[in-house]
file target-v9.tsv (TSV, C-alpha atoms and all ligand atoms)
chain	number	residue	atom	x	y	z
A	1	MET	CA	25.38	-70.49	8.01
A	2	ARG	CA	26.30	-73.72	6.25
A	3	THR	CA	28.41	-76.14	8.29
A	4	ASN	CA	31.92	-76.70	7.00
A	5	PRO	CA	31.41	-74.28	4.09
A	6	GLU	CA	33.64	-74.14	1.03
A	7	VAL	CA	34.84	-71.09	-0.89
A	8	LEU	CA	34.92	-70.74	-4.66
A	9	ALA	CA	38.18	-68.88	-5.25
A	10	VAL	CA	38.86	-66.90	-8.44
A	11	ASP	CA	42.18	-65.48	-9.60
A	12	LEU	CA	41.42	-62.78	-12.17
A	13	GLY	CA	44.38	-61.50	-14.18
A	14	GLY	CA	44.39	-59.25	-17.23
A	15	THR	CA	43.35	-61.95	-19.67
A	16	ASN	CA	43.35	-65.17	-17.64
A	17	ILE	CA	41.02	-66.53	-15.02
A	18	ARG	CA	41.60	-69.45	-12.64
A	19	LEU	CA	38.98	-71.00	-10.41
A	20	GLY	CA	39.06	-73.60	-7.66
A	21	ILE	CA	37.24	-74.80	-4.55
A	22	VAL	CA	38.95	-74.33	-1.18
A	23	THR	CA	38.01	-76.14	2.05
A	24	PRO	CA	38.38	-74.57	5.53
A	25	GLN	CA	41.48	-76.76	5.99
A	26	GLY	CA	43.12	-75.17	2.93
A	27	ARG	CA	42.68	-77.99	0.45
A	28	LEU	CA	42.36	-76.70	-3.12
A	29	ALA	CA	40.40	-78.86	-5.53
A	30	ARG	CA	38.69	-78.87	-8.91
A	31	ARG	CA	40.92	-76.17	-10.43
A	32	ARG	CA	39.98	-74.79	-13.79
A	33	ARG	CA	41.61	-72.13	-15.96
A	34	GLY	CA	40.34	-70.10	-18.86
A	35	ARG	CA	40.61	-66.82	-20.68
A	36	ILE	CA	38.59	-63.65	-20.36
A	37	PRO	CA	37.97	-61.99	-23.74
A	38	PRO	CA	38.91	-58.28	-23.81
A	39	PRO	CA	35.70	-56.65	-22.47
A	40	SER	CA	34.19	-53.51	-23.99
A	41	THR	CA	32.31	-52.30	-20.90
A	42	PRO	CA	32.18	-53.14	-17.16
A	43	GLU	CA	28.89	-54.97	-17.79
A	44	ALA	CA	30.51	-57.11	-20.48
A	45	LEU	CA	33.29	-58.03	-18.07
A	46	TYR	CA	30.86	-58.83	-15.24
A	47	ASP	CA	28.80	-60.91	-17.70
A	48	SER	CA	31.80	-62.96	-18.71
A	49	LEU	CA	32.96	-63.33	-15.08
A	50	VAL	CA	29.53	-64.42	-13.90
A	51	THR	CA	29.27	-66.85	-16.84
A	52	ARG	CA	32.61	-68.41	-15.88
A	53	ILE	CA	31.68	-68.69	-12.22
A	54	THR	CA	28.16	-70.05	-12.73
A	55	GLY	CA	29.46	-72.40	-15.43
A	56	PHE	CA	32.01	-73.72	-12.95
A	57	ILE	CA	29.32	-74.18	-10.28
A	58	GLY	CA	26.92	-75.79	-12.77
A	59	SER	CA	29.47	-78.30	-13.97
A	60	GLY	CA	29.93	-79.70	-10.49
A	61	GLY	CA	32.71	-77.25	-9.63
A	62	ALA	CA	31.00	-76.27	-6.40
A	63	THR	CA	28.87	-78.15	-3.92
A	64	ALA	CA	25.89	-77.33	-1.73
A	65	ARG	CA	28.45	-76.22	0.85
A	66	LEU	CA	29.41	-73.11	-1.19
A	67	GLY	CA	29.56	-70.28	1.35
A	68	ALA	CA	31.26	-67.46	-0.54
A	69	VAL	CA	33.10	-66.42	-3.68
A	70	ALA	CA	36.57	-64.88	-3.20
A	71	VAL	CA	38.27	-62.99	-6.04
A	72	GLY	CA	41.96	-62.12	-6.18
A	73	PHE	CA	42.25	-59.22	-8.60
A	74	ALA	CA	45.30	-57.77	-10.38
A	75	GLY	CA	45.08	-54.16	-9.23
A	76	PRO	CA	44.91	-52.03	-6.06
A	77	THR	CA	41.67	-53.13	-4.43
A	78	SER	CA	40.25	-52.65	-0.95
A	79	SER	CA	39.32	-56.05	0.43
A	80	ALA	CA	37.15	-54.33	3.06
A	81	SER	CA	34.86	-52.72	0.49
A	82	GLY	CA	35.72	-54.55	-2.75
A	83	TYR	CA	36.48	-51.15	-4.29
A	84	VAL	CA	38.85	-51.26	-7.29
A	85	TYR	CA	41.18	-48.21	-7.21
A	86	CYS	CA	42.77	-48.88	-10.53
A	87	ALA	CA	43.02	-51.78	-12.91
A	88	PRO	CA	46.11	-51.62	-15.13
A	89	ASN	CA	44.90	-54.46	-17.35
A	90	LEU	CA	41.12	-54.25	-16.90
A	91	GLY	CA	40.56	-50.49	-16.87
A	92	GLN	CA	36.79	-50.92	-17.17
A	93	LEU	CA	36.67	-51.89	-13.48
A	94	GLU	CA	38.32	-48.74	-12.14
A	95	GLY	CA	36.33	-46.96	-9.48
A	96	LEU	CA	33.72	-49.70	-9.19
A	97	GLN	CA	32.47	-51.66	-6.19
A	98	MET	CA	33.27	-55.01	-7.74
A	99	ALA	CA	32.25	-57.12	-4.74
A	100	THR	CA	28.79	-55.53	-4.52
A	101	HIS	CA	28.18	-55.97	-8.25
A	102	LEU	CA	29.15	-59.63	-8.20
A	103	GLU	CA	27.18	-60.34	-5.01
A	104	ARG	CA	24.02	-59.00	-6.63
A	105	ARG	CA	24.54	-61.21	-9.66
A	106	LEU	CA	25.67	-64.40	-7.89
A	107	GLY	CA	23.47	-64.36	-4.79
A	108	VAL	CA	26.31	-65.37	-2.43
A	109	PRO	CA	28.70	-63.20	-0.36
A	110	VAL	CA	31.67	-62.02	-2.44
A	111	LEU	CA	35.08	-60.80	-1.28
A	112	VAL	CA	37.44	-59.05	-3.70
A	113	ALA	CA	41.07	-58.39	-2.78
A	114	ASN	CA	44.34	-57.55	-4.50
A	115	ASP	CA	45.92	-60.68	-5.97
A	116	ALA	CA	49.40	-60.06	-4.51
A	117	ASP	CA	47.81	-59.64	-1.05
A	118	CYS	CA	45.95	-62.91	-1.58
A	119	ALA	CA	49.20	-64.62	-2.59
A	120	ALA	CA	50.90	-63.41	0.61
A	121	ILE	CA	48.12	-64.79	2.79
A	122	GLY	CA	48.11	-68.02	0.76
A	123	GLU	CA	51.86	-68.50	1.30
A	124	TYR	CA	51.46	-67.67	4.98
A	125	TRP	CA	48.64	-70.21	5.31
A	126	ARG	CA	49.86	-73.13	3.22
A	127	GLY	CA	53.21	-72.27	1.62
A	128	ALA	CA	56.74	-70.97	2.22
A	129	GLY	CA	55.54	-68.53	4.89
A	130	ARG	CA	53.99	-71.14	7.19
A	131	GLY	CA	54.96	-70.53	10.80
A	132	ALA	CA	56.35	-67.02	10.23
A	133	LYS	CA	54.97	-64.34	12.53
A	134	SER	CA	55.50	-61.64	9.92
A	135	LEU	CA	56.47	-61.63	6.27
A	136	PHE	CA	56.76	-59.36	3.27
A	137	LEU	CA	56.13	-60.78	-0.20
A	138	PHE	CA	57.68	-59.29	-3.35
A	139	THR	CA	55.70	-60.35	-6.43
A	140	LEU	CA	57.91	-59.93	-9.50
A	141	GLY	CA	56.05	-60.14	-12.80
A	142	THR	CA	55.06	-57.73	-15.56
A	143	GLY	CA	54.90	-55.27	-12.65
A	144	VAL	CA	56.19	-55.49	-9.08
A	145	GLY	CA	53.77	-55.92	-6.15
A	146	GLY	CA	54.28	-56.19	-2.43
A	147	SER	CA	52.26	-57.39	0.55
A	148	LEU	CA	52.76	-57.38	4.28
A	149	VAL	CA	51.42	-60.00	6.72
A	150	ILE	CA	51.76	-59.30	10.46
A	151	ASP	CA	50.65	-61.87	13.05
A	152	GLY	CA	48.71	-63.71	10.37
A	153	ARG	CA	46.79	-60.65	9.21
A	154	LEU	CA	47.18	-58.67	6.06
A	155	TRP	CA	48.25	-55.06	6.58
A	156	GLU	CA	46.48	-53.21	3.77
A	157	GLY	CA	46.81	-49.65	5.06
A	158	GLU	CA	44.01	-47.15	5.63
A	159	ARG	CA	42.77	-47.29	2.02
A	160	GLY	CA	43.81	-50.81	1.15
A	161	ILE	CA	46.79	-49.79	-0.99
A	162	ALA	CA	49.72	-50.54	1.38
A	163	GLY	CA	52.70	-52.52	0.18
A	164	GLU	CA	53.21	-50.89	-3.22
A	165	ILE	CA	56.94	-51.53	-3.05
A	166	GLY	CA	57.07	-51.56	-6.87
A	167	HIS	CA	56.38	-47.82	-6.88
A	168	THR	CA	58.93	-46.77	-4.32
A	169	VAL	CA	61.56	-44.72	-6.11
A	170	ILE	CA	65.06	-46.12	-5.75
A	171	ALA	CA	66.79	-44.29	-8.63
A	172	LEU	CA	65.90	-40.59	-8.93
A	173	GLY	CA	65.58	-39.73	-12.61
A	174	GLY	CA	65.76	-43.42	-13.53
A	175	PRO	CA	63.73	-45.24	-16.21
A	176	ARG	CA	60.07	-44.33	-16.68
A	177	CYS	CA	57.61	-46.54	-14.75
A	178	SER	CA	54.10	-47.68	-15.73
A	179	CYS	CA	52.79	-45.38	-12.96
A	180	GLY	CA	54.24	-42.26	-14.62
A	181	ASN	CA	57.12	-41.69	-12.15
A	182	GLN	CA	60.75	-42.40	-12.88
A	183	GLY	CA	63.13	-44.79	-11.16
A	184	CYS	CA	60.56	-46.94	-9.33
A	185	LEU	CA	61.67	-50.44	-8.30
A	186	GLU	CA	59.18	-51.79	-10.87
A	187	ALA	CA	60.96	-49.86	-13.64
A	188	LEU	CA	64.22	-51.65	-12.73
A	189	VAL	CA	63.34	-55.23	-11.83
A	190	SER	CA	60.04	-56.20	-13.52
A	191	ALA	CA	59.88	-58.51	-16.55
A	192	THR	CA	59.11	-55.39	-18.60
A	193	ALA	CA	62.29	-53.69	-17.35
A	194	ILE	CA	64.47	-56.75	-18.01
A	195	VAL	CA	63.18	-57.03	-21.59
A	196	ARG	CA	63.56	-53.26	-22.16
A	197	ASP	CA	67.20	-53.29	-20.97
A	198	TYR	CA	68.13	-56.40	-22.97
A	199	VAL	CA	66.52	-55.08	-26.16
A	200	ALA	CA	68.36	-51.76	-25.76
A	201	ALA	CA	71.73	-53.35	-24.96
A	202	ARG	CA	71.48	-55.75	-27.91
A	203	LYS	CA	70.01	-53.02	-30.16
A	204	ILE	CA	67.20	-55.36	-31.20
A	205	LYS	CA	64.75	-53.64	-33.55
A	206	PRO	CA	61.05	-54.30	-34.28
A	207	PRO	CA	59.53	-56.73	-35.11
A	208	ALA	CA	62.10	-59.05	-33.42
A	209	GLU	CA	61.90	-56.83	-30.33
A	210	SER	CA	58.30	-57.83	-29.59
A	211	ARG	CA	59.25	-61.51	-29.41
A	212	ILE	CA	61.77	-61.06	-26.56
A	213	THR	CA	60.51	-62.19	-23.13
A	214	ALA	CA	62.09	-62.08	-19.68
A	215	LYS	CA	62.26	-65.88	-19.74
A	216	MET	CA	64.31	-65.72	-22.94
A	217	VAL	CA	66.72	-63.30	-21.27
A	218	PHE	CA	67.10	-65.70	-18.32
A	219	ASP	CA	67.63	-68.66	-20.66
A	220	ARG	CA	70.25	-66.75	-22.65
A	221	ALA	CA	72.04	-65.74	-19.44
A	222	ARG	CA	72.15	-69.40	-18.45
A	223	GLY	CA	73.55	-70.22	-21.89
A	224	GLY	CA	76.45	-67.78	-21.43
A	225	ASP	CA	75.07	-64.59	-23.05
A	226	LYS	CA	77.13	-61.89	-21.29
A	227	VAL	CA	74.68	-59.09	-22.12
A	228	ALA	CA	71.78	-61.06	-20.63
A	229	GLN	CA	73.89	-61.78	-17.54
A	230	ARG	CA	74.66	-58.08	-17.14
A	231	VAL	CA	70.98	-57.11	-17.46
A	232	ILE	CA	69.96	-59.65	-14.83
A	233	ALA	CA	72.77	-58.52	-12.52
A	234	GLY	CA	71.40	-54.97	-12.80
A	235	ALA	CA	67.89	-56.13	-11.92
A	236	ALA	CA	69.27	-58.19	-9.02
A	237	GLY	CA	71.06	-55.12	-7.66
A	238	ALA	CA	67.83	-53.11	-7.74
A	239	LEU	CA	65.94	-55.95	-6.07
A	240	GLY	CA	68.62	-56.00	-3.37
A	241	VAL	CA	67.99	-52.31	-2.68
A	242	GLY	CA	64.24	-53.04	-2.44
A	243	ILE	CA	64.81	-55.93	-0.04
A	244	ALA	CA	67.13	-53.87	2.17
A	245	ASN	CA	64.65	-50.97	2.27
A	246	VAL	CA	61.78	-53.25	3.30
A	247	PHE	CA	63.88	-55.02	5.91
A	248	ASN	CA	65.21	-51.76	7.39
A	249	LEU	CA	61.70	-50.33	7.54
A	250	LEU	CA	59.72	-53.31	8.84
A	251	ASP	CA	62.14	-55.86	10.32
A	252	PRO	CA	59.92	-58.79	9.28
A	253	GLU	CA	60.73	-62.39	10.17
A	254	LEU	CA	60.81	-63.44	6.52
A	255	ILE	CA	60.97	-62.00	3.01
A	256	LEU	CA	59.37	-64.04	0.23
A	257	ILE	CA	60.04	-63.61	-3.48
A	258	GLY	CA	57.39	-64.83	-5.92
A	259	GLY	CA	55.96	-64.16	-9.38
A	260	GLY	CA	57.15	-65.17	-12.84
A	261	VAL	CA	60.46	-63.28	-12.67
A	262	SER	CA	61.42	-65.12	-9.46
A	263	ARG	CA	61.69	-68.29	-11.58
A	264	ALA	CA	65.07	-66.92	-12.64
A	265	GLY	CA	66.08	-68.41	-9.28
A	266	SER	CA	69.54	-68.13	-7.83
A	267	ARG	CA	70.94	-65.99	-10.67
A	268	LEU	CA	68.60	-63.19	-9.60
A	269	ILE	CA	67.91	-63.86	-5.93
A	270	GLY	CA	71.46	-64.81	-4.86
A	271	PRO	CA	73.05	-61.50	-5.92
A	272	ALA	CA	69.97	-59.57	-4.68
A	273	VAL	CA	70.35	-61.02	-1.17
A	274	LYS	CA	74.08	-60.29	-1.24
A	275	GLN	CA	73.39	-56.68	-2.26
A	276	ALA	CA	70.71	-56.35	0.42
A	277	GLY	CA	73.13	-57.68	3.04
A	278	GLN	CA	75.59	-54.90	2.19
A	279	LEU	CA	72.93	-52.20	2.48
A	280	LEU	CA	71.16	-53.34	5.64
A	281	PHE	CA	71.40	-51.43	8.86
A	282	ALA	CA	74.14	-53.28	10.75
A	283	PRO	CA	72.08	-54.60	13.73
A	284	LEU	CA	69.68	-56.27	11.28
A	285	ARG	CA	72.21	-57.95	9.00
A	286	GLU	CA	72.34	-61.38	10.62
A	287	TYR	CA	68.53	-61.72	10.61
A	288	LEU	CA	67.81	-61.36	6.89
A	289	ARG	CA	65.89	-64.42	5.67
A	290	VAL	CA	64.78	-64.54	2.03
A	291	ARG	CA	62.94	-67.46	0.47
A	292	ARG	CA	61.16	-68.17	-2.79
A	293	THR	CA	57.43	-68.79	-2.64
A	294	SER	CA	56.32	-72.41	-2.89
A	295	LEU	CA	52.68	-72.42	-4.06
A	296	GLY	CA	53.02	-70.93	-7.54
A	297	ASP	CA	49.69	-69.95	-9.09
A	298	ASP	CA	47.72	-71.60	-6.26
A	299	ALA	CA	48.82	-68.98	-3.69
A	300	ALA	CA	46.31	-66.32	-4.79
A	301	LEU	CA	43.40	-68.80	-4.88
A	302	LEU	CA	44.21	-70.12	-1.40
A	303	GLY	CA	44.78	-66.64	0.04
A	304	ALA	CA	41.57	-65.18	-1.41
A	305	ALA	CA	39.67	-68.10	0.11
A	306	ARG	CA	41.40	-67.69	3.48
A	307	LEU	CA	40.32	-64.03	3.60
A	308	ALA	CA	36.73	-65.08	2.89
A	309	PHE	CA	36.85	-67.72	5.65
A	310	GLU	CA	38.17	-65.11	8.11
A	311	ARG	CA	35.89	-62.25	7.19
A	312	ILE	CA	32.66	-63.78	5.86
A	313	LEU	CA	32.37	-67.34	7.13
A	314	THR	CA	33.42	-67.13	10.78
B	401	ZN	ZN	56.03	-46.68	-10.45

call {"tool": "encode", "arguments": {"input": "target-v9.tsv", "output": "structure tokens"}}
result
Amino acid sequence: MRTNPEVLAVDLGGTNIRLGIVTPQGRLARRRRGRIPPPSTPEALYDSLVTRITGFIGSGGATARLGAVAVGFAGPTSSASGYVYCAPNLGQLEGLQMATHLERRLGVPVLVANDADCAAIGEYWRGAGRGAKSLFLFTLGTGVGGSLVIDGRLWEGERGIAGEIGHTVIALGGPRCSCGNQGCLEALVSATAIVRDYVAARKIKPPAESRITAKMVFDRARGGDKVAQRVIAGAAGALGVGIANVFNLLDPELILIGGGVSRAGSRLIGPAVKQAGQLLFAPLREYLRVRRTSLGDDAALLGAARLAFERILT
């Protein structure tokens, strides 16, 4: 075992990759970002991943103290086995033991975990969740993820898929979700849902439709667009239901809200917390604490590394 080892952390999204070196004290250095070309086969994807990682190491991105590689991955993944259950944006990886494959190619221990889980641990370690005994993180982006940290440890469930708050149904017969069900939280509060509702309410037709983003809807709401304000109020109400359900079920010390959609800030989160307060079981009402995450894109890198320190390098 190397003394004072470092971890090369990787955040692998659908098309983007971020890399950085993390020390045992939680310092993140030498960040680099790039793109992953759409792969044709699992081998092509592994090739391009390994090329990125070895390129980063070769260019002075890692030192002789490199103890492990930790990958935060955008899809349900067991961090115990590195098994990828499904990969909404990188379908080639479904059903594969990603950690084992990468370990064989890189020659160092590899940990692979879900990126939202990594973000929760990162925020607990170095961000808005510092000092909390338990927290639940909502990650609001193209989809909606969730992660639970109890006494500093990730609760991943028996198969590593716990926390899928985005696919809890809160409106029977509601809008269709990416998972195939109807009325999931994700189908009501994700960036995809906000764009869908705005486009429908404004009757925007192709090709203009494809240029609308959730950020544009937030900007228009800020500029006084009543339709945009109504769409965001609807999403905030759904988020409030999600928050109340999580709080009633788990009674965590803290709820964190992160991901691109959370950048809408008080216009989304304020009404969501108010809605949650009205739905909470009465004895819990005074204890609801909701905060925005503070680490941004660095949370997943730091959290992936922290898991590697705990599980591989102790
Ligand atoms: Zn769903």

call {"tool": "residues_around", "arguments": {"input": "target-v9.tsv", "residues": "Gly20 of chain A", "least_positions_apart": "4", "cutoff": "8 Å", "atoms": "only C-alpha atoms", "output": "PDB file with C-alpha atoms, keeping the file's coordinate frame"}}
result
ATOM      1  CA  LEU A   8      34.920 -70.740  -4.660  1.00  0.00           C
ATOM      2  CA  ALA A   9      38.180 -68.880  -5.250  1.00  0.00           C
ATOM      3  CA  VAL A  10      38.860 -66.900  -8.440  1.00  0.00           C
ATOM      4  CA  LEU A  28      42.360 -76.700  -3.120  1.00  0.00           C
ATOM      5  CA  ALA A  29      40.400 -78.860  -5.530  1.00  0.00           C
ATOM      6  CA  ARG A  30      38.690 -78.870  -8.910  1.00  0.00           C
ATOM      7  CA  ARG A  31      40.920 -76.170 -10.430  1.00  0.00           C
ATOM      8  CA  ARG A  32      39.980 -74.790 -13.790  1.00  0.00           C
ATOM      9  CA  GLY A  61      32.710 -77.250  -9.630  1.00  0.00           C
ATOM     10  CA  LEU A 301      43.400 -68.800  -4.880  1.00  0.00           C
TER      11      LEU A 301
END

call {"tool": "residues_near_ligand", "arguments": {"input": "target-v9.tsv", "ligand": "ligand ZN 401 (chain B)", "cutoff": "10 Å", "atoms": "all atoms listed in the file", "output": "list of chain:residue names"}}
result
A:Gly143, A:Val144, A:Glu164, A:Ile165, A:Gly166, A:His167, A:Thr168, A:Val169, A:Pro175, A:Arg176, A:Cys177, A:Ser178, A:Cys179, A:Gly180, A:Asn181, A:Gln182, A:Gly183, A:Cys184, A:Leu185, A:Glu186, A:Ala187, A:Leu188

call {"tool": "atom_distance", "arguments": {"input": "target-v9.tsv", "atom1": "atom CA of Gly258 of chain A", "atom2": "atom CA of Ala128 of chain A"}}
result
10.2 Å

call {"tool": "closest_residue", "arguments": {"input": "target-v9.tsv", "among": "A:Val246, A:Ala70, A:Leu45, A:Ile161", "to": "Val22 of chain A", "atoms": "all atoms listed in the file"}}
result
A:Ala70

call {"tool": "residues_around", "arguments": {"input": "target-v9.tsv", "residues": "Gly240 of chain A", "least_positions_apart": "6", "cutoff": "12 Å", "atoms": "only C-alpha atoms", "output": "list of chain:residue names"}}
result
A:Phe138, A:Ile170, A:Leu185, A:Leu188, A:Val189, A:Ala233, A:Gly234, A:Val246, A:Phe247, A:Ile255, A:Ile257, A:Leu268, A:Ile269, A:Gly270, A:Pro271, A:Ala272, A:Val273, A:Lys274, A:Gln275, A:Ala276, A:Gly277, A:Gln278, A:Leu279, A:Leu280, A:Leu288, A:Val290

call {"tool": "atom_distance", "arguments": {"input": "target-v9.tsv", "atom1": "atom CA of Arg230 of chain A", "atom2": "atom CA of Met216 of chain A"}}
result
14.1 Å

call {"tool": "atom_distance", "arguments": {"input": "target-v9.tsv", "atom1": "atom CA of Ala120 of chain A", "atom2": "atom CA of Gly145 of chain A"}}
result
10.5 Å

call {"tool": "residues_around", "arguments": {"input": "target-v9.tsv", "residues": "Gly127 of chain A", "least_positions_apart": "6", "cutoff": "8 Å", "atoms": "all atoms listed in the file", "output": "number ranges by chain"}}
result
A: 293-295, 299

call {"tool": "residues_around", "arguments": {"input": "target-v9.tsv", "residues": "Glu123 of chain A", "least_positions_apart": "5", "cutoff": "12 Å", "atoms": "all atoms listed in the file", "output": "VMD selection string"}}
result
chain A and resid 26 116 to 118 128 to 132 134 to 139 147 to 149 152 154 254 to 258 291 to 304 306

call {"tool": "closest_residue", "arguments": {"input": "target-v9.tsv", "among": "A:Thr51, A:Ser79, A:Thr192, A:Thr142", "to": "Arg311 of chain A", "atoms": "all atoms listed in the file"}}
result
A:Ser79

call {"tool": "closest_residue", "arguments": {"input": "target-v9.tsv", "among": "A:Arg196, A:Arg211, A:Arg202, A:Ile232", "to": "Ser266 of chain A", "atoms": "only C-alpha atoms"}}
result
A:Ile232

call {"tool": "axis_aligned_box", "arguments": {"input": "target-v9.tsv", "around": "segment 276-285 of chain A", "padding_each_side": "4 Å", "output": "lines of an AutoDock Vina configuration file"}}
result
center_x = 72.6
center_y = -54.7
center_z = 7.1
size_x = 13.9
size_y = 14.5
size_z = 21.3

call {"tool": "closest_residue", "arguments": {"input": "target-v9.tsv", "among": "A:Ala44, A:Leu284, A:Ala68, A:Ile53", "to": "Pro24 of chain A", "atoms": "all atoms listed in the file"}}
result
A:Ala68

call {"tool": "residues_around", "arguments": {"input": "target-v9.tsv", "residues": "Gln229 of chain A", "least_positions_apart": "6", "cutoff": "9 Å", "atoms": "only C-alpha atoms", "output": "PyMOL selection string"}}
result
chain A and resi 217-218+220-222+267

call {"tool": "decode", "arguments": {"input": "target-v9.tsv", "residues": "segment 37-60 of chain A", "atoms": "C-alpha atoms", "output": "PDB file, in the first residue's frame"}}
result
ATOM      1  CA  PRO A  37     -17.587  10.475 -28.630  1.00  0.00           C
ATOM      2  CA  PRO A  38     -20.768   8.383 -29.036  1.00  0.00           C
ATOM      3  CA  PRO A  39     -19.375   4.813 -28.791  1.00  0.00           C
ATOM      4  CA  SER A  40     -20.485   1.999 -31.098  1.00  0.00           C
ATOM      5  CA  THR A  41     -19.646  -0.919 -28.777  1.00  0.00           C
ATOM      6  CA  PRO A  42     -18.689  -1.416 -25.104  1.00  0.00           C
ATOM      7  CA  GLU A  43     -15.087  -1.975 -26.227  1.00  0.00           C
ATOM      8  CA  ALA A  44     -15.069   1.349 -28.079  1.00  0.00           C
ATOM      9  CA  LEU A  45     -16.316   3.090 -24.954  1.00  0.00           C
ATOM     10  CA  TYR A  46     -13.749   1.371 -22.712  1.00  0.00           C
ATOM     11  CA  ASP A  47     -11.038   2.266 -25.251  1.00  0.00           C
ATOM     12  CA  SER A  48     -11.975   5.923 -25.174  1.00  0.00           C
ATOM     13  CA  LEU A  49     -12.287   5.914 -21.357  1.00  0.00           C
ATOM     14  CA  VAL A  50      -8.918   4.234 -20.897  1.00  0.00           C
ATOM     15  CA  THR A  51      -7.346   6.645 -23.408  1.00  0.00           C
ATOM     16  CA  ARG A  52      -8.697   9.621 -21.433  1.00  0.00           C
ATOM     17  CA  ILE A  53      -7.517   8.226 -18.109  1.00  0.00           C
ATOM     18  CA  THR A  54      -4.050   7.150 -19.251  1.00  0.00           C
ATOM     19  CA  GLY A  55      -3.668  10.423 -21.163  1.00  0.00           C
ATOM     20  CA  PHE A  56      -4.462  12.295 -17.965  1.00  0.00           C
ATOM     21  CA  ILE A  57      -1.953  10.208 -15.993  1.00  0.00           C
ATOM     22  CA  GLY A  58       0.702  10.563 -18.711  1.00  0.00           C
ATOM     23  CA  SER A  59       0.389  14.319 -18.856  1.00  0.00           C
ATOM     24  CA  GLY A  60       1.272  14.670 -15.197  1.00  0.00           C
TER      25      GLY A  60
END
